[in-house]
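Participant: What follows is my_file_28.cif; its format and atoms are mmCIF, C-alpha atoms.
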```cif
data_work
loop_
_atom_site.group_PDB
_atom_site.id
_atom_site.type_symbol
_atom_site.label_atom_id
_atom_site.label_comp_id
_atom_site.auth_asym_id
_atom_site.auth_seq_id
_atom_site.Cartn_x
_atom_site.Cartn_y
_atom_site.Cartn_z
ATOM 1 C CA MET B 245 -202.041 -60.543 -83.709
ATOM 2 C CA ALA B 246 -198.722 -60.086 -81.950
ATOM 3 C CA PRO B 247 -197.952 -62.598 -79.188
ATOM 4 C CA GLU B 248 -198.059 -61.536 -75.546
ATOM 5 C CA PRO B 249 -194.780 -59.947 -74.408
ATOM 6 C CA LYS B 250 -192.267 -62.187 -72.625
ATOM 7 C CA ARG B 251 -190.533 -60.849 -69.554
ATOM 8 C CA VAL B 252 -186.748 -61.147 -69.859
ATOM 9 C CA LEU B 253 -184.529 -60.453 -66.862
ATOM 10 C CA ILE B 254 -180.936 -59.270 -67.248
ATOM 11 C CA THR B 255 -178.936 -59.045 -64.014
ATOM 12 C CA GLY B 256 -175.824 -56.884 -63.857
ATOM 13 C CA ALA B 257 -177.665 -54.795 -66.421
ATOM 14 C CA ALA B 258 -175.642 -51.615 -65.884
ATOM 15 C CA GLY B 259 -172.378 -53.434 -66.521
ATOM 16 C CA GLN B 260 -170.518 -53.921 -69.773
ATOM 17 C CA ILE B 261 -172.182 -57.170 -70.815
ATOM 18 C CA GLY B 262 -175.618 -55.970 -69.723
ATOM 19 C CA TYR B 263 -175.202 -52.769 -71.741
ATOM 20 C CA ALA B 264 -174.349 -54.835 -74.835
ATOM 21 C CA LEU B 265 -177.031 -57.450 -74.151
ATOM 22 C CA ALA B 266 -180.138 -55.338 -73.491
ATOM 23 C CA PRO B 267 -180.376 -53.849 -77.013
ATOM 24 C CA LEU B 268 -179.829 -57.259 -78.624
ATOM 25 C CA VAL B 269 -182.709 -58.754 -76.647
ATOM 26 C CA ALA B 270 -184.848 -55.697 -77.409
ATOM 27 C CA ARG B 271 -184.198 -56.218 -81.140
ATOM 28 C CA GLY B 272 -185.303 -59.859 -81.037
ATOM 29 C CA ALA B 273 -181.898 -61.561 -81.100
ATOM 30 C CA ALA B 274 -182.833 -63.874 -78.216
ATOM 31 C CA LEU B 275 -186.521 -64.721 -78.658
ATOM 32 C CA GLY B 276 -187.003 -64.048 -82.349
ATOM 33 C CA PRO B 277 -188.085 -61.174 -84.598
ATOM 34 C CA ASP B 278 -191.804 -61.434 -83.802
ATOM 35 C CA GLN B 279 -191.741 -61.785 -80.011
ATOM 36 C CA PRO B 280 -192.320 -58.590 -77.964
ATOM 37 C CA VAL B 281 -190.367 -58.359 -74.712
ATOM 38 C CA ILE B 282 -190.533 -56.513 -71.419
ATOM 39 C CA LEU B 283 -187.015 -56.111 -70.079
ATOM 40 C CA HIS B 284 -186.384 -56.456 -66.362
ATOM 41 C CA LEU B 285 -183.022 -54.885 -65.513
ATOM 42 C CA LEU B 286 -181.412 -55.597 -62.133
ATOM 43 C CA ASP B 287 -178.225 -54.229 -60.632
ATOM 44 C CA ILE B 288 -176.828 -53.386 -57.209
ATOM 45 C CA GLU B 289 -177.582 -50.147 -55.384
ATOM 46 C CA PRO B 290 -174.231 -48.432 -56.234
ATOM 47 C CA ALA B 291 -175.073 -48.896 -59.935
ATOM 48 C CA LYS B 292 -178.582 -47.447 -59.622
ATOM 49 C CA GLN B 293 -177.811 -44.227 -61.496
ATOM 50 C CA ALA B 294 -176.049 -46.043 -64.344
ATOM 51 C CA LEU B 295 -178.972 -48.493 -64.520
ATOM 52 C CA GLU B 296 -181.376 -45.583 -64.971
ATOM 53 C CA GLY B 297 -179.171 -44.374 -67.826
ATOM 54 C CA VAL B 298 -179.496 -47.773 -69.536
ATOM 55 C CA ARG B 299 -183.273 -47.619 -69.096
ATOM 56 C CA MET B 300 -183.381 -44.147 -70.614
ATOM 57 C CA GLU B 301 -181.352 -45.249 -73.644
ATOM 58 C CA LEU B 302 -183.618 -48.245 -74.237
ATOM 59 C CA VAL B 303 -186.644 -45.936 -74.233
ATOM 60 C CA ASP B 304 -184.842 -43.515 -76.566
ATOM 61 C CA SER B 305 -184.024 -46.319 -79.021
ATOM 62 C CA ALA B 306 -187.738 -46.906 -79.747
ATOM 63 C CA TYR B 307 -187.363 -50.634 -80.398
ATOM 64 C CA PRO B 308 -190.555 -51.989 -82.001
ATOM 65 C CA LEU B 309 -190.408 -55.195 -79.938
ATOM 66 C CA LEU B 310 -189.756 -53.488 -76.605
ATOM 67 C CA ALA B 311 -193.052 -53.381 -74.692
ATOM 68 C CA GLY B 312 -191.657 -52.049 -71.432
ATOM 69 C CA VAL B 313 -188.645 -51.710 -69.134
ATOM 70 C CA VAL B 314 -188.447 -52.419 -65.411
ATOM 71 C CA ALA B 315 -185.186 -51.114 -63.932
ATOM 72 C CA THR B 316 -184.665 -51.976 -60.271
ATOM 73 C CA THR B 317 -182.210 -52.780 -57.497
ATOM 74 C CA ASP B 318 -184.817 -54.992 -55.771
ATOM 75 C CA VAL B 319 -184.174 -58.675 -56.525
ATOM 76 C CA ASN B 320 -187.798 -59.666 -55.833
ATOM 77 C CA GLU B 321 -189.212 -57.039 -58.203
ATOM 78 C CA ALA B 322 -186.661 -58.062 -60.824
ATOM 79 C CA PHE B 323 -187.654 -61.759 -60.771
ATOM 80 C CA ASN B 324 -191.399 -61.112 -60.625
ATOM 81 C CA GLY B 325 -193.168 -63.009 -63.413
ATOM 82 C CA ILE B 326 -190.071 -63.473 -65.579
ATOM 83 C CA ASP B 327 -190.129 -65.958 -68.461
ATOM 84 C CA VAL B 328 -186.410 -65.845 -69.279
ATOM 85 C CA ALA B 329 -183.465 -64.795 -67.116
ATOM 86 C CA ILE B 330 -179.932 -64.051 -68.269
ATOM 87 C CA LEU B 331 -177.882 -63.818 -65.100
ATOM 88 C CA VAL B 332 -174.832 -61.699 -65.849
ATOM 89 C CA GLY B 333 -174.356 -60.205 -62.387
ATOM 90 C CA GLY B 334 -171.819 -61.835 -60.093
ATOM 91 C CA PHE B 335 -168.783 -61.092 -57.974
ATOM 92 C CA PRO B 336 -165.557 -61.067 -60.036
ATOM 93 C CA ARG B 337 -162.282 -62.304 -58.658
ATOM 94 C CA LYS B 338 -160.064 -59.426 -57.576
ATOM 95 C CA ALA B 339 -156.324 -59.247 -56.947
ATOM 96 C CA GLY B 340 -155.339 -61.081 -53.780
ATOM 97 C CA MET B 341 -158.643 -62.932 -53.409
ATOM 98 C CA GLU B 342 -158.616 -66.633 -52.681
ATOM 99 C CA ARG B 343 -160.803 -68.954 -54.754
ATOM 100 C CA LYS B 344 -163.008 -69.658 -51.733
ATOM 101 C CA ASP B 345 -163.556 -65.922 -51.163
ATOM 102 C CA VAL B 346 -164.908 -65.518 -54.701
ATOM 103 C CA MET B 347 -167.040 -68.649 -54.401
ATOM 104 C CA SER B 348 -168.465 -67.477 -51.071
ATOM 105 C CA LYS B 349 -169.531 -64.119 -52.555
ATOM 106 C CA ASN B 350 -171.210 -65.808 -55.532
ATOM 107 C CA VAL B 351 -172.873 -68.483 -53.404
ATOM 108 C CA SER B 352 -174.487 -65.690 -51.388
ATOM 109 C CA ILE B 353 -175.646 -63.848 -54.538
ATOM 110 C CA TYR B 354 -177.050 -66.932 -56.257
ATOM 111 C CA LYS B 355 -178.742 -68.283 -53.157
ATOM 112 C CA ALA B 356 -180.593 -64.948 -52.823
ATOM 113 C CA GLN B 357 -181.500 -64.939 -56.517
ATOM 114 C CA ALA B 358 -182.704 -68.546 -56.253
ATOM 115 C CA ALA B 359 -185.026 -67.522 -53.430
ATOM 116 C CA ALA B 360 -186.437 -64.675 -55.556
ATOM 117 C CA LEU B 361 -186.814 -66.977 -58.566
ATOM 118 C CA GLU B 362 -188.534 -69.613 -56.436
ATOM 119 C CA LYS B 363 -190.968 -67.080 -54.995
ATOM 120 C CA HIS B 364 -191.679 -64.771 -57.930
ATOM 121 C CA GLY B 365 -190.548 -66.301 -61.258
ATOM 122 C CA SER B 366 -192.568 -68.401 -63.662
ATOM 123 C CA LYS B 367 -192.131 -72.115 -62.916
ATOM 124 C CA ASN B 368 -191.420 -72.577 -66.631
ATOM 125 C CA ALA B 369 -188.789 -69.827 -66.736
ATOM 126 C CA LYS B 370 -185.633 -70.553 -68.723
ATOM 127 C CA ILE B 371 -182.484 -69.480 -66.890
ATOM 128 C CA LEU B 372 -179.040 -68.855 -68.354
ATOM 129 C CA VAL B 373 -176.147 -68.161 -65.975
ATOM 130 C CA VAL B 374 -173.328 -66.117 -67.526
ATOM 131 C CA ALA B 375 -171.475 -64.866 -64.429
ATOM 132 C CA ASN B 376 -168.416 -66.880 -63.421
ATOM 133 C CA PRO B 377 -168.013 -69.469 -62.089
ATOM 134 C CA ALA B 378 -170.992 -69.999 -64.409
ATOM 135 C CA ASN B 379 -171.406 -73.763 -64.095
ATOM 136 C CA THR B 380 -171.286 -73.772 -60.308
ATOM 137 C CA ASN B 381 -173.376 -70.603 -59.966
ATOM 138 C CA ALA B 382 -176.025 -72.409 -62.029
ATOM 139 C CA LEU B 383 -175.768 -75.435 -59.740
ATOM 140 C CA ILE B 384 -176.260 -73.236 -56.647
ATOM 141 C CA LEU B 385 -179.316 -71.713 -58.298
ATOM 142 C CA LYS B 386 -180.699 -75.142 -59.179
ATOM 143 C CA GLU B 387 -180.233 -76.524 -55.670
ATOM 144 C CA ASN B 388 -181.886 -73.508 -54.034
ATOM 145 C CA ALA B 389 -184.861 -73.155 -56.406
ATOM 146 C CA PRO B 390 -186.340 -76.677 -56.174
ATOM 147 C CA SER B 391 -189.665 -75.853 -57.846
ATOM 148 C CA ILE B 392 -187.918 -74.779 -61.077
ATOM 149 C CA PRO B 393 -187.263 -77.826 -63.303
ATOM 150 C CA ALA B 394 -183.543 -78.645 -63.230
ATOM 151 C CA GLU B 395 -183.465 -78.761 -67.028
ATOM 152 C CA ASN B 396 -184.520 -75.096 -67.097
ATOM 153 C CA ILE B 397 -181.295 -73.912 -65.439
ATOM 154 C CA THR B 398 -178.245 -73.750 -67.703
ATOM 155 C CA ALA B 399 -174.776 -72.221 -67.878
ATOM 156 C CA MET B 400 -173.245 -70.468 -70.847
ATOM 157 C CA THR B 401 -170.483 -72.187 -72.775
ATOM 158 C CA ARG B 402 -171.848 -70.861 -76.073
ATOM 159 C CA LEU B 403 -169.207 -68.121 -76.069
ATOM 160 C CA ASP B 404 -166.489 -70.780 -75.982
ATOM 161 C CA HIS B 405 -168.374 -72.746 -78.662
ATOM 162 C CA ASN B 406 -168.570 -69.682 -80.893
ATOM 163 C CA ARG B 407 -164.878 -68.965 -80.293
ATOM 164 C CA ALA B 408 -164.076 -72.491 -81.499
ATOM 165 C CA LEU B 409 -166.169 -71.977 -84.638
ATOM 166 C CA GLY B 410 -164.464 -68.639 -85.236
ATOM 167 C CA GLN B 411 -160.983 -70.140 -84.955
ATOM 168 C CA LEU B 412 -161.828 -72.901 -87.439
ATOM 169 C CA SER B 413 -163.370 -70.323 -89.768
ATOM 170 C CA GLU B 414 -160.242 -68.149 -89.723
ATOM 171 C CA ARG B 415 -157.861 -71.073 -90.034
ATOM 172 C CA THR B 416 -159.627 -72.523 -93.092
ATOM 173 C CA GLY B 417 -160.819 -69.312 -94.747
ATOM 174 C CA THR B 418 -164.390 -70.628 -94.590
ATOM 175 C CA HIS B 419 -167.417 -68.538 -93.639
ATOM 176 C CA VAL B 420 -168.313 -69.307 -90.028
ATOM 177 C CA GLY B 421 -171.843 -70.263 -91.083
ATOM 178 C CA LYS B 422 -170.344 -73.323 -92.786
ATOM 179 C CA VAL B 423 -168.499 -74.461 -89.656
ATOM 180 C CA ARG B 424 -170.528 -76.781 -87.424
ATOM 181 C CA ASN B 425 -170.498 -79.088 -84.448
ATOM 182 C CA ALA B 426 -167.428 -78.119 -82.495
ATOM 183 C CA ILE B 427 -167.995 -79.100 -78.866
ATOM 184 C CA ILE B 428 -167.100 -77.486 -75.565
ATOM 185 C CA TRP B 429 -166.974 -80.142 -72.852
ATOM 186 C CA GLY B 430 -167.067 -79.456 -69.130
ATOM 187 C CA ASN B 431 -166.471 -76.230 -67.283
ATOM 188 C CA HIS B 432 -166.469 -72.627 -68.513
ATOM 189 C CA SER B 433 -162.892 -72.288 -67.315
ATOM 190 C CA SER B 434 -159.377 -72.938 -68.555
ATOM 191 C CA THR B 435 -159.953 -76.697 -68.085
ATOM 192 C CA GLN B 436 -162.711 -76.796 -70.720
ATOM 193 C CA TYR B 437 -162.106 -79.113 -73.654
ATOM 194 C CA PRO B 438 -162.740 -77.571 -77.097
ATOM 195 C CA ASP B 439 -163.202 -80.695 -79.250
ATOM 196 C CA VAL B 440 -163.066 -80.669 -83.074
ATOM 197 C CA ASN B 441 -163.297 -84.425 -83.583
ATOM 198 C CA HIS B 442 -166.947 -84.180 -84.651
ATOM 199 C CA ALA B 443 -166.794 -80.726 -86.256
ATOM 200 C CA THR B 444 -167.297 -80.128 -89.964
ATOM 201 C CA VAL B 445 -166.116 -77.363 -92.277
ATOM 202 C CA ASP B 446 -168.328 -76.948 -95.353
ATOM 203 C CA GLY B 447 -169.632 -80.481 -94.776
ATOM 204 C CA LYS B 448 -166.218 -82.150 -94.475
ATOM 205 C CA PRO B 449 -164.531 -83.327 -91.252
ATOM 206 C CA ALA B 450 -162.628 -80.414 -89.723
ATOM 207 C CA ARG B 451 -159.446 -82.454 -89.301
ATOM 208 C CA GLU B 452 -159.426 -83.284 -93.019
ATOM 209 C CA VAL B 453 -159.844 -79.631 -93.975
ATOM 210 C CA VAL B 454 -157.356 -78.185 -91.490
ATOM 211 C CA LYS B 455 -154.760 -80.923 -92.147
ATOM 212 C CA ASP B 456 -152.805 -80.023 -88.996
ATOM 213 C CA ASP B 457 -153.459 -82.277 -86.004
ATOM 214 C CA ALA B 458 -150.682 -80.679 -83.987
ATOM 215 C CA TYR B 459 -152.458 -77.322 -84.250
ATOM 216 C CA LEU B 460 -155.907 -78.780 -83.489
ATOM 217 C CA ASP B 461 -154.601 -80.714 -80.469
ATOM 218 C CA GLY B 462 -152.486 -77.838 -79.176
ATOM 219 C CA GLU B 463 -152.704 -74.176 -80.165
ATOM 220 C CA PHE B 464 -156.381 -74.379 -81.145
ATOM 221 C CA ILE B 465 -157.358 -75.691 -77.712
ATOM 222 C CA THR B 466 -155.279 -73.192 -75.744
ATOM 223 C CA THR B 467 -156.455 -70.287 -77.940
ATOM 224 C CA VAL B 468 -160.111 -71.072 -77.182
ATOM 225 C CA GLN B 469 -159.376 -71.708 -73.495
ATOM 226 C CA GLN B 470 -157.446 -68.443 -73.096
ATOM 227 C CA ARG B 471 -159.407 -66.227 -75.488
ATOM 228 C CA GLY B 472 -161.053 -64.221 -72.724
ATOM 229 C CA ALA B 473 -157.708 -63.321 -71.179
ATOM 230 C CA ALA B 474 -156.323 -62.405 -74.612
ATOM 231 C CA ILE B 475 -159.227 -59.997 -75.201
ATOM 232 C CA ILE B 476 -158.731 -58.368 -71.801
ATOM 233 C CA LYS B 477 -155.055 -57.879 -72.681
ATOM 234 C CA ALA B 478 -155.949 -56.430 -76.103
ATOM 235 C CA ARG B 479 -158.735 -54.053 -75.151
ATOM 236 C CA GLY B 480 -158.219 -53.566 -71.435
ATOM 237 C CA LEU B 481 -161.758 -54.769 -70.791
ATOM 238 C CA SER B 482 -163.513 -58.120 -70.840
ATOM 239 C CA SER B 483 -165.285 -59.610 -73.848
ATOM 240 C CA ALA B 484 -168.686 -57.985 -73.446
ATOM 241 C CA LEU B 485 -169.844 -57.814 -77.065
ATOM 242 C CA SER B 486 -169.187 -61.499 -77.822
ATOM 243 C CA ALA B 487 -170.567 -62.624 -74.454
ATOM 244 C CA ALA B 488 -173.809 -60.732 -75.079
ATOM 245 C CA SER B 489 -174.123 -62.108 -78.602
ATOM 246 C CA SER B 490 -173.472 -65.659 -77.404
ATOM 247 C CA ALA B 491 -176.050 -65.348 -74.615
ATOM 248 C CA CYS B 492 -178.634 -64.462 -77.259
ATOM 249 C CA ASP B 493 -177.508 -67.415 -79.393
ATOM 250 C CA HIS B 494 -177.932 -69.748 -76.405
ATOM 251 C CA ILE B 495 -181.454 -68.518 -75.620
ATOM 252 C CA ARG B 496 -182.534 -68.363 -79.283
ATOM 253 C CA ASP B 497 -181.506 -71.931 -80.041
ATOM 254 C CA TRP B 498 -183.002 -73.180 -76.764
ATOM 255 C CA VAL B 499 -186.356 -71.514 -77.478
ATOM 256 C CA LEU B 500 -186.565 -71.798 -81.279
ATOM 257 C CA GLY B 501 -184.549 -74.996 -81.869
ATOM 258 C CA THR B 502 -181.239 -75.972 -83.442
ATOM 259 C CA PRO B 503 -181.028 -76.501 -87.211
ATOM 260 C CA GLU B 504 -181.204 -80.089 -88.417
ATOM 261 C CA GLY B 505 -177.789 -81.757 -88.232
ATOM 262 C CA THR B 506 -176.330 -79.076 -85.956
ATOM 263 C CA PHE B 507 -175.525 -79.289 -82.285
ATOM 264 C CA VAL B 508 -174.372 -76.583 -79.905
ATOM 265 C CA SER B 509 -172.700 -76.509 -76.493
ATOM 266 C CA MET B 510 -174.689 -75.824 -73.311
ATOM 267 C CA GLY B 511 -173.883 -76.239 -69.636
ATOM 268 C CA VAL B 512 -176.658 -78.512 -68.369
ATOM 269 C CA LEU B 513 -177.254 -80.833 -65.423
ATOM 270 C CA SER B 514 -175.126 -83.914 -66.029
ATOM 271 C CA ASP B 515 -176.727 -87.347 -66.147
ATOM 272 C CA GLY B 516 -173.327 -89.012 -66.398
ATOM 273 C CA SER B 517 -173.218 -89.125 -70.209
ATOM 274 C CA TYR B 518 -169.718 -89.676 -71.645
ATOM 275 C CA GLY B 519 -168.398 -90.466 -68.166
ATOM 276 C CA ALA B 520 -168.987 -86.936 -66.886
ATOM 277 C CA PRO B 521 -169.629 -86.653 -63.135
ATOM 278 C CA LYS B 522 -173.336 -86.659 -62.301
ATOM 279 C CA ASP B 523 -175.185 -83.771 -60.675
ATOM 280 C CA VAL B 524 -172.860 -80.981 -61.756
ATOM 281 C CA ILE B 525 -173.562 -78.473 -64.529
ATOM 282 C CA PHE B 526 -171.395 -79.797 -67.356
ATOM 283 C CA SER B 527 -171.113 -78.547 -70.924
ATOM 284 C CA PHE B 528 -172.270 -81.123 -73.475
ATOM 285 C CA PRO B 529 -173.167 -81.084 -77.154
ATOM 286 C CA VAL B 530 -176.944 -80.678 -77.317
ATOM 287 C CA THR B 531 -179.747 -80.340 -79.800
ATOM 288 C CA THR B 532 -182.905 -78.424 -78.969
ATOM 289 C CA LYS B 533 -186.522 -78.712 -80.054
ATOM 290 C CA ASP B 534 -189.805 -77.325 -78.691
ATOM 291 C CA GLY B 535 -187.965 -75.482 -75.927
ATOM 292 C CA LYS B 536 -186.186 -78.580 -74.615
ATOM 293 C CA TRP B 537 -182.549 -79.639 -74.896
ATOM 294 C CA SER B 538 -181.203 -83.165 -75.377
ATOM 295 C CA ILE B 539 -177.601 -84.314 -74.970
ATOM 296 C CA VAL B 540 -176.252 -85.699 -78.236
ATOM 297 C CA GLN B 541 -175.521 -89.380 -77.652
ATOM 298 C CA GLY B 542 -173.332 -91.957 -79.381
ATOM 299 C CA LEU B 543 -170.309 -89.821 -80.241
ATOM 300 C CA ASP B 544 -166.975 -91.621 -80.280
ATOM 301 C CA ILE B 545 -164.628 -90.373 -77.563
ATOM 302 C CA ASP B 546 -160.984 -91.314 -77.951
ATOM 303 C CA GLU B 547 -158.677 -91.969 -75.007
ATOM 304 C CA ARG B 548 -157.091 -88.516 -75.078
ATOM 305 C CA SER B 549 -160.485 -86.805 -75.151
ATOM 306 C CA ALA B 550 -161.728 -88.993 -72.292
ATOM 307 C CA GLN B 551 -158.804 -87.826 -70.151
ATOM 308 C CA LEU B 552 -159.526 -84.170 -70.956
ATOM 309 C CA LEU B 553 -163.198 -84.698 -70.055
ATOM 310 C CA LYS B 554 -162.085 -86.203 -66.746
ATOM 311 C CA THR B 555 -159.839 -83.220 -65.955
ATOM 312 C CA THR B 556 -162.609 -80.658 -66.444
ATOM 313 C CA GLY B 557 -165.138 -82.907 -64.663
ATOM 314 C CA ASP B 558 -162.842 -83.236 -61.654
ATOM 315 C CA GLU B 559 -162.621 -79.441 -61.442
ATOM 316 C CA LEU B 560 -166.417 -79.168 -61.401
ATOM 317 C CA VAL B 561 -166.643 -81.722 -58.587
ATOM 318 C CA GLU B 562 -164.098 -79.666 -56.615
ATOM 319 C CA GLU B 563 -166.054 -76.464 -57.273
ATOM 320 C CA LYS B 564 -169.279 -78.130 -56.143
ATOM 321 C CA ALA B 565 -167.666 -79.232 -52.877
ATOM 322 C CA LEU B 566 -166.301 -75.725 -52.298
ATOM 323 C CA ALA B 567 -169.723 -74.182 -53.025
ATOM 324 C CA GLN B 568 -171.421 -76.564 -50.579
ATOM 325 C CA GLU B 569 -168.843 -75.640 -47.949
ATOM 326 C CA CYS B 570 -169.605 -71.961 -48.535
ATOM 327 C CA LEU B 571 -173.355 -72.598 -48.367
ATOM 328 C CA ALA B 572 -172.886 -74.320 -45.009
ATOM 329 C CA ASP B 573 -171.062 -71.231 -43.717
ATOM 330 C CA LEU B 574 -173.887 -68.829 -44.627
#
```
Written as structure tokens, how would this file's structure read?
Facilitator:
Amino acid sequence: MAPEPKRVLITGAAGQIGYALAPLVARGAALGPDQPVILHLLDIEPAKQALEGVRMELVDSAYPLLAGVVATTDVNEAFNGIDVAILVGGFPRKAGMERKDVMSKNVSIYKAQAAALEKHGSKNAKILVVANPANTNALILKENAPSIPAENITAMTRLDHNRALGQLSERTGTHVGKVRNAIIWGNHSSTQYPDVNHATVDGKPAREVVKDDAYLDGEFITTVQQRGAAIIKARGLSSALSAASSACDHIRDWVLGTPEGTFVSMGVLSDGSYGAPKDVIFSFPVTTKDGKWSIVQGLDIDERSAQLLKTTGDELVEEKALAQECLADL
């Protein structure tokens, strides 16, 4: 017998990432090839017509795993009974906007979504925040949905993680499936630290295979940090396809588990591991099993890496303070 359908919410569902993400989830890329899903699609009122178009296309695609579609502009209806939420909707920074203006808009959005999650979502729901500033949006959600376990609210740095794997794959001419254990530390921003010191390429240390420390400590890091901007410059639009794919990777590994000997990067509530600031959403290397994540412990961190971790951690502390200031103004 087929399992009961899981309800998966996608916010910003009429946007570019949502349009790429919905069919992947409907095909089983997030929860596995045997798990039926009911998609909940949420967007704002001005996108209502486009949202209906997405719903129509999902119906027309006749996905075997798709057991239903709820398309709505009502946040409470969208969060009702959900088991998984992929929160793509947010307020993007526009020309001339100050950082606080963007934060204030997103604080308002994520406080409202937290209230809907608290009231209507499953208390075991797994939440992935994609919309930027992803780490701090996830923190706002966590602090305003107190009945949801803090470990169930995460931010996406899997796209950055996958970008790091892709760069190592291209540089070494090795299939990406044989590249493992790169780490994204800290914030999903330009301060993130893509770390190859524990990565392997076809079972060998990445540094030994690449044989170019100057590249790995310089161009590699900036390429991963700036990849999103490079894609916008190349295609005139943001990286929707890879973001959608990475969101599915994040959920799939969280729910179904990471392969033995492999860790991935997730933005999770910091317990202070590796000197990271506590009580911010910080990207760590994690393993997952039985639907739970664990921070990988005992990795050697050299002095240079420790400084880079501090830089991205300091930014997250600043963002948290700014978000709290915005919350106080609401």
Participant: Applied to the shown file, which residues does the PyMOL selection byres ((chain B and resi 422) around 6) return, written as a count of residues only?
Facilitator: 6
Participant: What does the PyMOL selection byres ((chain B and resi 568) around 12) select in this file, as a ChimeraX atom specification?
Facilitator: /B:344,347-348,350-352,355,380-381,383-384,387-388,561-567,569-574
Participant: So, counting all atoms listed in the file, which residue among B:Leu560, B:Ser433, B:Gly511, B:Leu412 is closest to Arg451 of chain B?
Facilitator: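 Closest candidate: B:Leu412.
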Participant: Can you list, as a ChimeraX atom specification, the residues that the PyMOL selection byres ((chain B and resi 545-559) around 10) selects here?
Facilitator: /B:428-439,441-442,461,518-522,524-527,542-544,560-565
Participant: Tell me, in Å to one decimal, how far atom CA of Ser514 of chain B is from atom CA of Phe335 of chain B.
Facilitator: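 Atom-to-atom, atom CA of Ser514 of chain B to atom CA of Phe335 of chain B, that is 25.0 Å.
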Participant: Quick one: everything within 9 Å of segment 305-313 of chain B, counting only C-alpha atoms, minus sequence neighbours fewer than 6 positions away in the same chain. Send it as a ChimeraX atom specification.
Facilitator: /B:249,267,269-272,277-285,299
Participant: Might you pull out every residue within 7 Å of Arg496 of chain B, with all atoms listed in the file counted and same-chain residues fewer than 5 positions away left off, and present them as a VMD selection string?
Facilitator: chain B and resid 274 to 276
Participant: Have a look at atom CA of Gly340 of chain B and atom CA of Pro377 of chain B and let me know their distance in Å, one decimal.
Facilitator: 17.3 Å
Participant: Determine, counting all atoms listed in the file, which protein, DNA and RNA residues have an atom within 10 Å of an atom of segment 362-365 of chain B; residues of the same chain fewer than 6 positions away are not included. Present the result as a PyMOL selection string.
Facilitator: chain B and resi 251+319-329+356+385-386+388-392
Participant: In Å, rounded to a single decimal, give me how far atom CA of Ile254 of chain B is from atom CA of Leu361 of chain B.
Facilitator: 13.0 Å
Participant: Step by step, gather every atom of segment 348-364 of chain B that the file lists, find the box along x, y and z that holds them, add 6 Å on each side, and finally give centre and edge lengths in Å to one decimal, as AutoDock Vina command-line options.
Facilitator:
```
--center_x -180.1 --center_y -66.7 --center_z -54.8 --size_x 35.2 --size_y 17.8 --size_z 19.5
```
Participant: From the options B:Asn406, B:Thr255, B:Thr506, B:Ser413, which residue's atoms come nearest to Ser489 of chain B, counting all atoms listed in the file?
Facilitator: B:Asn406
Participant: Between B:Ala487, B:Ala382, B:Ala264, B:Val453, which one has atoms that come closest to Asp523 of chain B, using all atoms listed in the file?
Facilitator: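 When distances to Asp523 of chain B are compared using all atoms listed in the file, the smallest one comes from B:Ala382.
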Participant: Which protein, DNA or RNA residues have an atom at most 6 Å from (-174.5, -76.2, -78.5), counting only C-alpha atoms? List them as a ChimeraX atom specification.
Facilitator: /B:507-510,529-530
Participant: Looking at B:Lys533, B:Gly501, B:Ile330, B:Gly410, which one is nearest to Ile261 of chain B, with distances taken over all atoms listed in the file?
Facilitator: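 The answer is B:Ile330, which sits nearest to Ile261 of chain B.
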Participant: Check the smallest atom-to-atom distance from each of B:Lys292, B:Ala258, B:Thr467, B:Gly417 to Asp404 of chain B using only C-alpha atoms, then report the winner.
Facilitator: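 With only C-alpha atoms as the atom set, the closest residue is B:Thr467.
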Participant: For each of B:Leu302, B:Val468, B:Val332, B:Leu295, take the minimum atom-to-atom distance to Ala315 of chain B, counting only C-alpha atoms, then give the residue where this is smallest.
Facilitator: B:Leu295
